[in-house]
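Asker: Provided below: data.txt, containing compact mmCIF, C-alpha atoms and all ligand atoms.
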```txt
# COMPACT_ATOMS: atom_id res chain seq x y z
CA MET A 23 104.77 17.55 18.15
CA SER A 24 102.95 20.59 19.50
CA PHE A 25 103.83 24.00 18.14
CA ASN A 26 103.49 27.18 20.18
CA ALA A 27 105.13 30.58 20.68
CA SER A 28 107.51 29.42 23.39
CA ARG A 29 108.75 26.49 21.27
CA ASP A 30 109.22 28.97 18.37
CA GLN A 31 111.53 31.03 20.61
CA THR A 32 113.49 28.00 21.79
CA GLN A 33 114.04 26.95 18.17
CA LEU A 34 115.06 30.47 17.13
CA GLN A 35 117.76 30.55 19.82
CA LEU A 36 119.63 27.92 17.76
CA VAL A 37 119.74 30.15 14.68
CA TRP A 38 122.67 32.32 13.58
CA ALA A 39 121.86 35.73 15.11
CA PRO A 40 121.40 37.81 11.91
CA LEU A 41 119.12 35.13 10.44
CA ARG A 42 117.28 34.81 13.76
CA ALA A 43 116.28 38.49 13.60
CA GLN A 44 115.03 38.03 10.03
CA ALA A 45 113.13 34.85 10.90
CA GLU A 46 111.44 36.59 13.85
CA HIS A 47 110.47 39.40 11.51
CA MET A 48 109.07 36.87 8.99
CA LEU A 49 107.06 35.20 11.73
CA ARG A 50 105.48 38.50 12.80
CA ILE A 51 104.66 39.42 9.19
CA MET A 52 103.01 36.06 8.51
CA GLN A 53 101.07 36.16 11.78
CA GLY A 54 99.85 39.63 10.78
CA TRP A 55 98.71 38.38 7.36
CA LEU A 56 96.82 35.50 8.95
CA ARG A 57 95.16 37.87 11.45
CA GLU A 58 94.08 40.20 8.64
CA ARG A 59 92.26 37.37 6.90
CA PRO A 60 90.75 35.19 9.56
CA THR A 61 88.96 32.09 8.31
CA GLU A 62 85.73 31.04 9.96
CA GLN A 63 85.93 27.33 9.31
CA GLU A 64 89.59 26.78 10.06
CA LYS A 65 92.22 27.88 12.52
CA VAL A 66 95.38 28.76 10.58
CA GLU A 67 98.69 29.35 12.38
CA VAL A 68 102.32 29.75 11.46
CA HIS A 69 105.18 28.51 13.63
CA VAL A 70 108.85 27.66 13.50
CA ALA A 71 109.00 23.94 12.71
CA SER A 72 112.72 23.32 12.96
CA THR A 73 116.05 25.11 12.94
CA TRP A 74 119.34 23.57 14.03
CA ARG A 75 120.01 19.87 13.62
CA ASP A 76 122.89 18.06 15.22
CA PRO A 77 125.34 16.99 12.47
CA ALA A 78 125.62 13.52 14.01
CA GLU A 79 121.83 13.11 13.99
CA GLN A 80 121.63 14.37 10.42
CA MET A 81 124.25 11.77 9.44
CA VAL A 82 122.12 9.02 11.01
CA LEU A 83 119.11 10.24 9.01
CA PHE A 84 121.18 10.48 5.82
CA GLN A 85 122.39 6.91 6.18
CA ARG A 86 118.85 5.52 6.17
CA GLY A 87 118.31 3.62 2.94
CA ARG A 88 121.87 4.23 1.78
CA THR A 89 125.06 2.19 1.66
CA ARG A 90 128.67 3.33 1.30
CA VAL A 91 130.87 1.76 -1.35
CA ASN A 92 134.44 2.92 -2.01
CA GLY A 93 133.85 6.21 -0.21
CA ALA A 94 130.65 7.12 -2.07
CA TRP A 95 127.04 6.85 -0.90
CA PHE A 96 124.50 4.88 -2.91
CA VAL A 97 120.76 4.58 -2.43
CA GLU A 98 120.00 1.02 -1.47
CA ASN A 99 116.35 1.37 -0.48
CA PRO A 100 114.56 4.46 -1.85
CA LYS A 101 111.58 3.90 0.47
CA GLN A 102 113.80 4.45 3.52
CA ILE A 103 115.25 7.77 2.31
CA VAL A 104 114.34 10.65 4.63
CA THR A 105 116.83 13.33 3.56
CA LYS A 106 118.89 14.20 0.50
CA ALA A 107 121.57 15.96 2.47
CA PRO A 108 124.52 14.79 4.56
CA PRO A 109 125.37 17.25 7.38
CA GLU A 110 127.89 19.24 5.34
CA GLU A 111 125.25 19.83 2.65
CA THR A 112 122.54 21.31 4.84
CA ALA A 113 122.35 24.79 6.26
CA HIS A 114 120.49 23.34 9.26
CA CYS A 115 123.67 21.74 10.67
CA CYS A 116 125.96 24.79 10.84
CA LEU A 117 128.01 25.61 13.91
CA THR A 118 129.87 28.72 14.97
CA ALA A 119 133.67 28.58 14.90
CA ASP A 120 133.58 27.67 18.60
CA GLY A 121 131.14 24.85 18.00
CA LYS A 122 127.82 26.37 19.06
CA PRO A 123 124.60 25.68 17.11
CA ALA A 124 124.03 28.38 14.49
CA SER A 125 121.53 27.19 11.92
CA LEU A 126 121.70 29.02 8.61
CA ALA A 127 118.20 27.77 7.75
CA VAL A 128 114.76 27.93 9.32
CA ASP A 129 111.77 25.72 8.53
CA PHE A 130 108.37 27.26 9.18
CA VAL A 131 105.10 25.39 9.25
CA ILE A 132 101.57 26.43 8.28
CA LEU A 133 99.10 24.66 10.55
CA VAL A 134 95.45 24.25 9.63
CA ASP A 135 93.39 23.17 12.63
CA GLY A 136 96.58 22.00 14.29
CA LYS A 137 97.84 19.88 11.36
CA TRP A 138 100.51 20.53 8.73
CA ALA A 139 98.82 22.19 5.75
CA GLU A 140 98.57 20.00 2.66
CA ASP A 141 101.24 20.39 0.00
CA ARG A 142 98.88 22.18 -2.36
CA ASP A 143 97.57 24.61 0.28
CA PRO A 144 98.19 28.09 -1.21
CA ARG A 145 99.08 29.48 2.22
CA TRP A 146 102.53 27.87 2.02
CA ALA A 147 103.30 30.76 -0.33
CA LEU A 148 103.22 33.11 2.68
CA ILE A 149 106.70 31.82 3.58
CA PRO A 150 108.56 32.84 0.39
CA ALA A 151 106.50 36.05 0.31
CA ALA A 152 107.60 36.99 3.82
CA ALA A 153 111.22 36.07 3.02
CA ALA A 154 111.14 38.36 -0.02
CA LEU A 155 109.71 41.18 2.04
CA VAL A 156 112.27 40.86 4.84
CA ASN A 157 115.36 40.38 2.71
CA ALA A 158 114.98 39.15 -0.86
CA GLU A 159 118.72 39.36 -1.50
CA GLU A 160 119.93 37.31 1.43
CA LEU A 161 117.13 34.81 2.00
CA GLU A 162 116.59 31.86 -0.30
CA PRO A 163 113.24 30.09 0.09
CA GLY A 164 113.06 26.37 -0.66
CA ALA A 165 109.72 27.15 -2.30
CA PHE A 166 111.71 28.09 -5.42
CA TRP A 167 113.54 24.77 -5.64
CA ASN A 168 112.46 22.16 -8.13
CA GLU A 169 113.56 18.84 -6.80
CA PRO A 170 112.01 18.72 -4.40
CA ARG A 171 110.25 22.00 -3.68
CA ASP A 172 110.67 22.68 0.05
CA TRP A 173 107.88 25.04 1.13
CA PRO A 174 108.81 25.32 4.85
CA HIS A 175 112.50 26.02 4.27
CA VAL A 176 114.31 29.37 4.13
CA GLU A 177 118.11 29.57 4.15
CA VAL A 178 120.85 32.16 3.98
CA ARG A 179 121.77 32.48 0.31
CA HIS A 180 125.30 31.20 -0.42
CA TRP A 181 125.52 29.84 3.12
CA ARG A 182 128.41 27.56 2.12
CA THR A 183 130.63 30.60 1.73
CA HIS A 184 130.14 31.33 5.44
CA ALA A 185 133.09 29.03 5.94
CA GLU A 186 133.53 29.63 9.66
CA ARG A 187 129.98 28.49 10.26
CA ARG A 188 130.26 25.26 8.29
CA PRO A 189 129.53 22.08 10.19
CA LYS A 190 132.47 20.23 11.59
CA SER A 191 132.75 16.75 10.13
ZN ZN B 1 114.86 23.10 6.01
```
Let me see the structure of the file written as structure tokens.
Answerer:
Amino acid sequence: MSFNASRDQTQLQLVWAPLRAQAEHMLRIMQGWLRERPTEQEKVEVHVASTWRDPAEQMVLFQRGRTRVNGAWFVENPKQIVTKAPPEETAHCCLTADGKPASLAVDFVILVDGKWAEDRDPRWALIPAAAALVNAEELEPGAFWNEPRDWPHVEVRHWRTHAERRPKS
């Protein structure tokens, strides 16, 4: 996948409008930080990696490696697991009341020479830092989660209470 400014904008169009404005602000802040400290050996960029996901597609991903028994999901093959969350459990799958995409989460990516930065790259910390600067009360970075830590992810805190924007099942 190639990341660039026009793809960032396309992705941001699928975000709930108030979060979109905050995510755009975060992007500008992080780009500014990277410009202030250019590295000679590497090219470091930040982009929007992903925003809205179709609930049906998320369900297909969730089913990988799992089996359903008596209405509950069980992990059958841990190696095939690609996501912990069914559509109703992820802020990426939210819709407006009239069924339009309105992601309540944004995943950013730090690219080093065009590739995803390694997990231990300290520059991932730019994402939670920018979220805190833009709106520490409303934005919850996945960087603070324990299992697993999700560096790229930022979501609207308490997004489940935005009932009208919950995904339709
Ligand atoms: Zn995410």
Asker: What residues have any atom no more than 9 Å from ligand ZN 1 (chain B) when counting all atoms listed in the file, and can you list them as a short mmCIF file (atom, residue, chain, number, x, y, z; two decimals) with C-alpha atoms, in the frame of the given file?
Answerer:
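Once everything was written out, this is selection.cif:
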```cif
data_model
loop_
_atom_site.label_atom_id
_atom_site.label_comp_id
_atom_site.auth_asym_id
_atom_site.auth_seq_id
_atom_site.Cartn_x
_atom_site.Cartn_y
_atom_site.Cartn_z
CA ALA A 71 109.00 23.94 12.71
CA SER A 72 112.72 23.32 12.96
CA THR A 73 116.05 25.11 12.94
CA THR A 112 122.54 21.31 4.84
CA ALA A 113 122.35 24.79 6.26
CA HIS A 114 120.49 23.34 9.26
CA ALA A 127 118.20 27.77 7.75
CA VAL A 128 114.76 27.93 9.32
CA ASP A 129 111.77 25.72 8.53
CA PHE A 130 108.37 27.26 9.18
CA GLY A 164 113.06 26.37 -0.66
CA ASP A 172 110.67 22.68 0.05
CA TRP A 173 107.88 25.04 1.13
CA PRO A 174 108.81 25.32 4.85
CA HIS A 175 112.50 26.02 4.27
CA VAL A 176 114.31 29.37 4.13
CA GLU A 177 118.11 29.57 4.15
#
```
Asker: I'd like the neighbourhood of segment 77-83 of chain A as a PyMOL selection string, where a residue qualifies if any of its atoms comes within 10 Å (using all atoms listed in the file), though same-chain residues fewer than 6 positions away should be ignored.
Answerer: chain A and resi 102-110+112+114-117+123+189-191
Asker: When you draw a straight line from atom CA of Trp95 of chain A to atom CA of Glu169 of chain A, how long is it in Å?
Answerer: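 We find that atom CA of Trp95 of chain A and atom CA of Glu169 of chain A lie 19.0 Å from each other.
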Asker: When you draw a straight line from atom CA of Glu162 of chain A to atom CA of Arg59 of chain A, how long is it in Å?
Answerer: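 For atom CA of Glu162 of chain A relative to atom CA of Arg59 of chain A, the distance reads 26.0 Å.
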Asker: Just checking: using only C-alpha atoms, which residue out of A:Ile149, A:Met48, A:Leu155, A:Val70 ends up closest to Leu34 of chain A?
Answerer: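 That would be A:Val70, the residue with the smallest distance to Leu34 of chain A.
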Asker: Using only C-alpha atoms, which of the listed residues (A:Arg29, A:His47, A:Lys137, A:Lys122) sits closest to Glu67 of chain A?
Answerer: A:Lys137
Asker: What is the atom CA of Gln53 of chain A to atom CA of Val68 of chain A distance in Å?
Answerer: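 Rounded to one decimal, the two atoms are 6.5 Å apart.
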Asker: Determine the nearest neighbour of Ile132 of chain A from the options A:Ala94, A:Ala147, A:Ala154, A:Ala43, counting all atoms listed in the file.
Answerer: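 Of all the options, A:Ala147 lies closest to Ile132 of chain A.
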Asker: Output: segment 25-117 of chain A of the preceding structure, restricted to C-alpha atoms, written as a tab-separated table (two decimals), in the first residue's frame.
Answerer:
```tsv
chain	number	residue	atom	x	y	z
A	25	PHE	CA	0.69	6.28	1.59
A	26	ASN	CA	0.44	9.90	0.49
A	27	ALA	CA	-1.38	13.13	1.30
A	28	SER	CA	-4.27	12.50	-1.06
A	29	ARG	CA	-4.90	9.02	0.38
A	30	ASP	CA	-4.78	10.59	3.88
A	31	GLN	CA	-7.61	12.94	2.84
A	32	THR	CA	-9.68	10.15	1.31
A	33	GLN	CA	-9.35	8.14	4.53
A	34	LEU	CA	-10.22	11.15	6.69
A	35	GLN	CA	-13.47	11.68	4.77
A	36	LEU	CA	-14.72	8.43	6.36
A	37	VAL	CA	-14.20	9.76	9.89
A	38	TRP	CA	-16.88	11.28	12.14
A	39	ALA	CA	-16.56	15.03	11.47
A	40	PRO	CA	-15.45	16.23	14.95
A	41	LEU	CA	-12.80	13.50	15.11
A	42	ARG	CA	-11.77	14.23	11.52
A	43	ALA	CA	-10.88	17.82	12.48
A	44	GLN	CA	-8.83	16.57	15.43
A	45	ALA	CA	-7.07	13.92	13.34
A	46	GLU	CA	-6.16	16.53	10.70
A	47	HIS	CA	-4.78	18.70	13.46
A	48	MET	CA	-2.75	15.75	14.83
A	49	LEU	CA	-1.37	15.05	11.38
A	50	ARG	CA	-0.19	18.66	10.95
A	51	ILE	CA	1.40	18.67	14.42
A	52	MET	CA	3.28	15.42	13.78
A	53	GLN	CA	4.42	16.56	10.33
A	54	GLY	CA	5.71	19.74	11.97
A	55	TRP	CA	7.65	17.76	14.59
A	56	LEU	CA	9.22	15.59	11.90
A	57	ARG	CA	10.18	18.68	9.87
A	58	GLU	CA	11.79	20.29	12.92
A	59	ARG	CA	14.06	17.29	13.38
A	60	PRO	CA	15.00	16.03	9.97
A	61	THR	CA	17.13	12.90	9.90
A	62	GLU	CA	19.93	12.64	7.39
A	63	GLN	CA	20.01	8.88	7.02
A	64	GLU	CA	16.30	8.20	6.93
A	65	LYS	CA	13.14	9.64	5.49
A	66	VAL	CA	10.48	9.68	8.21
A	67	GLU	CA	6.83	10.40	7.38
A	68	VAL	CA	3.49	10.20	9.13
A	69	HIS	CA	0.25	9.30	7.35
A	70	VAL	CA	-3.26	8.10	8.02
A	71	ALA	CA	-3.10	4.31	7.76
A	72	SER	CA	-6.75	3.42	8.13
A	73	THR	CA	-10.04	4.82	9.35
A	74	TRP	CA	-13.44	3.30	8.60
A	75	ARG	CA	-13.87	-0.42	8.10
A	76	ASP	CA	-16.98	-2.01	6.70
A	77	PRO	CA	-18.69	-3.99	9.51
A	78	ALA	CA	-19.20	-6.95	7.16
A	79	GLU	CA	-15.50	-6.99	6.27
A	80	GLN	CA	-14.52	-6.69	9.93
A	81	MET	CA	-16.76	-9.70	10.68
A	82	VAL	CA	-14.95	-11.72	8.00
A	83	LEU	CA	-11.61	-10.79	9.58
A	84	PHE	CA	-12.89	-11.58	13.07
A	85	GLN	CA	-14.04	-15.04	12.00
A	86	ARG	CA	-10.54	-16.03	10.88
A	87	GLY	CA	-9.21	-18.65	13.27
A	88	ARG	CA	-12.43	-18.71	15.28
A	89	THR	CA	-15.43	-21.01	15.50
A	90	ARG	CA	-18.90	-20.35	16.91
A	91	VAL	CA	-20.38	-22.76	19.43
A	92	ASN	CA	-23.75	-22.16	21.12
A	93	GLY	CA	-23.69	-18.47	20.22
A	94	ALA	CA	-20.19	-17.78	21.54
A	95	TRP	CA	-16.94	-17.39	19.61
A	96	PHE	CA	-13.93	-19.57	20.41
A	97	VAL	CA	-10.40	-19.37	19.09
A	98	GLU	CA	-9.75	-22.47	17.05
A	99	ASN	CA	-6.44	-21.52	15.44
A	100	PRO	CA	-4.49	-18.74	17.21
A	101	LYS	CA	-2.11	-18.39	14.25
A	102	GLN	CA	-4.98	-17.27	12.00
A	103	ILE	CA	-6.23	-14.54	14.36
A	104	VAL	CA	-5.98	-11.08	12.79
A	105	THR	CA	-8.25	-9.02	15.05
A	106	LYS	CA	-9.58	-9.19	18.60
A	107	ALA	CA	-12.70	-7.24	17.80
A	108	PRO	CA	-16.01	-8.09	16.15
A	109	PRO	CA	-17.57	-5.07	14.36
A	110	GLU	CA	-19.62	-3.94	17.35
A	111	GLU	CA	-16.45	-3.82	19.48
A	112	THR	CA	-14.37	-1.57	17.26
A	113	ALA	CA	-14.63	2.17	16.86
A	114	HIS	CA	-13.46	1.73	13.25
A	115	CYS	CA	-16.82	0.26	12.15
A	116	CYS	CA	-19.19	3.01	13.32
A	117	LEU	CA	-21.92	4.41	11.10
```
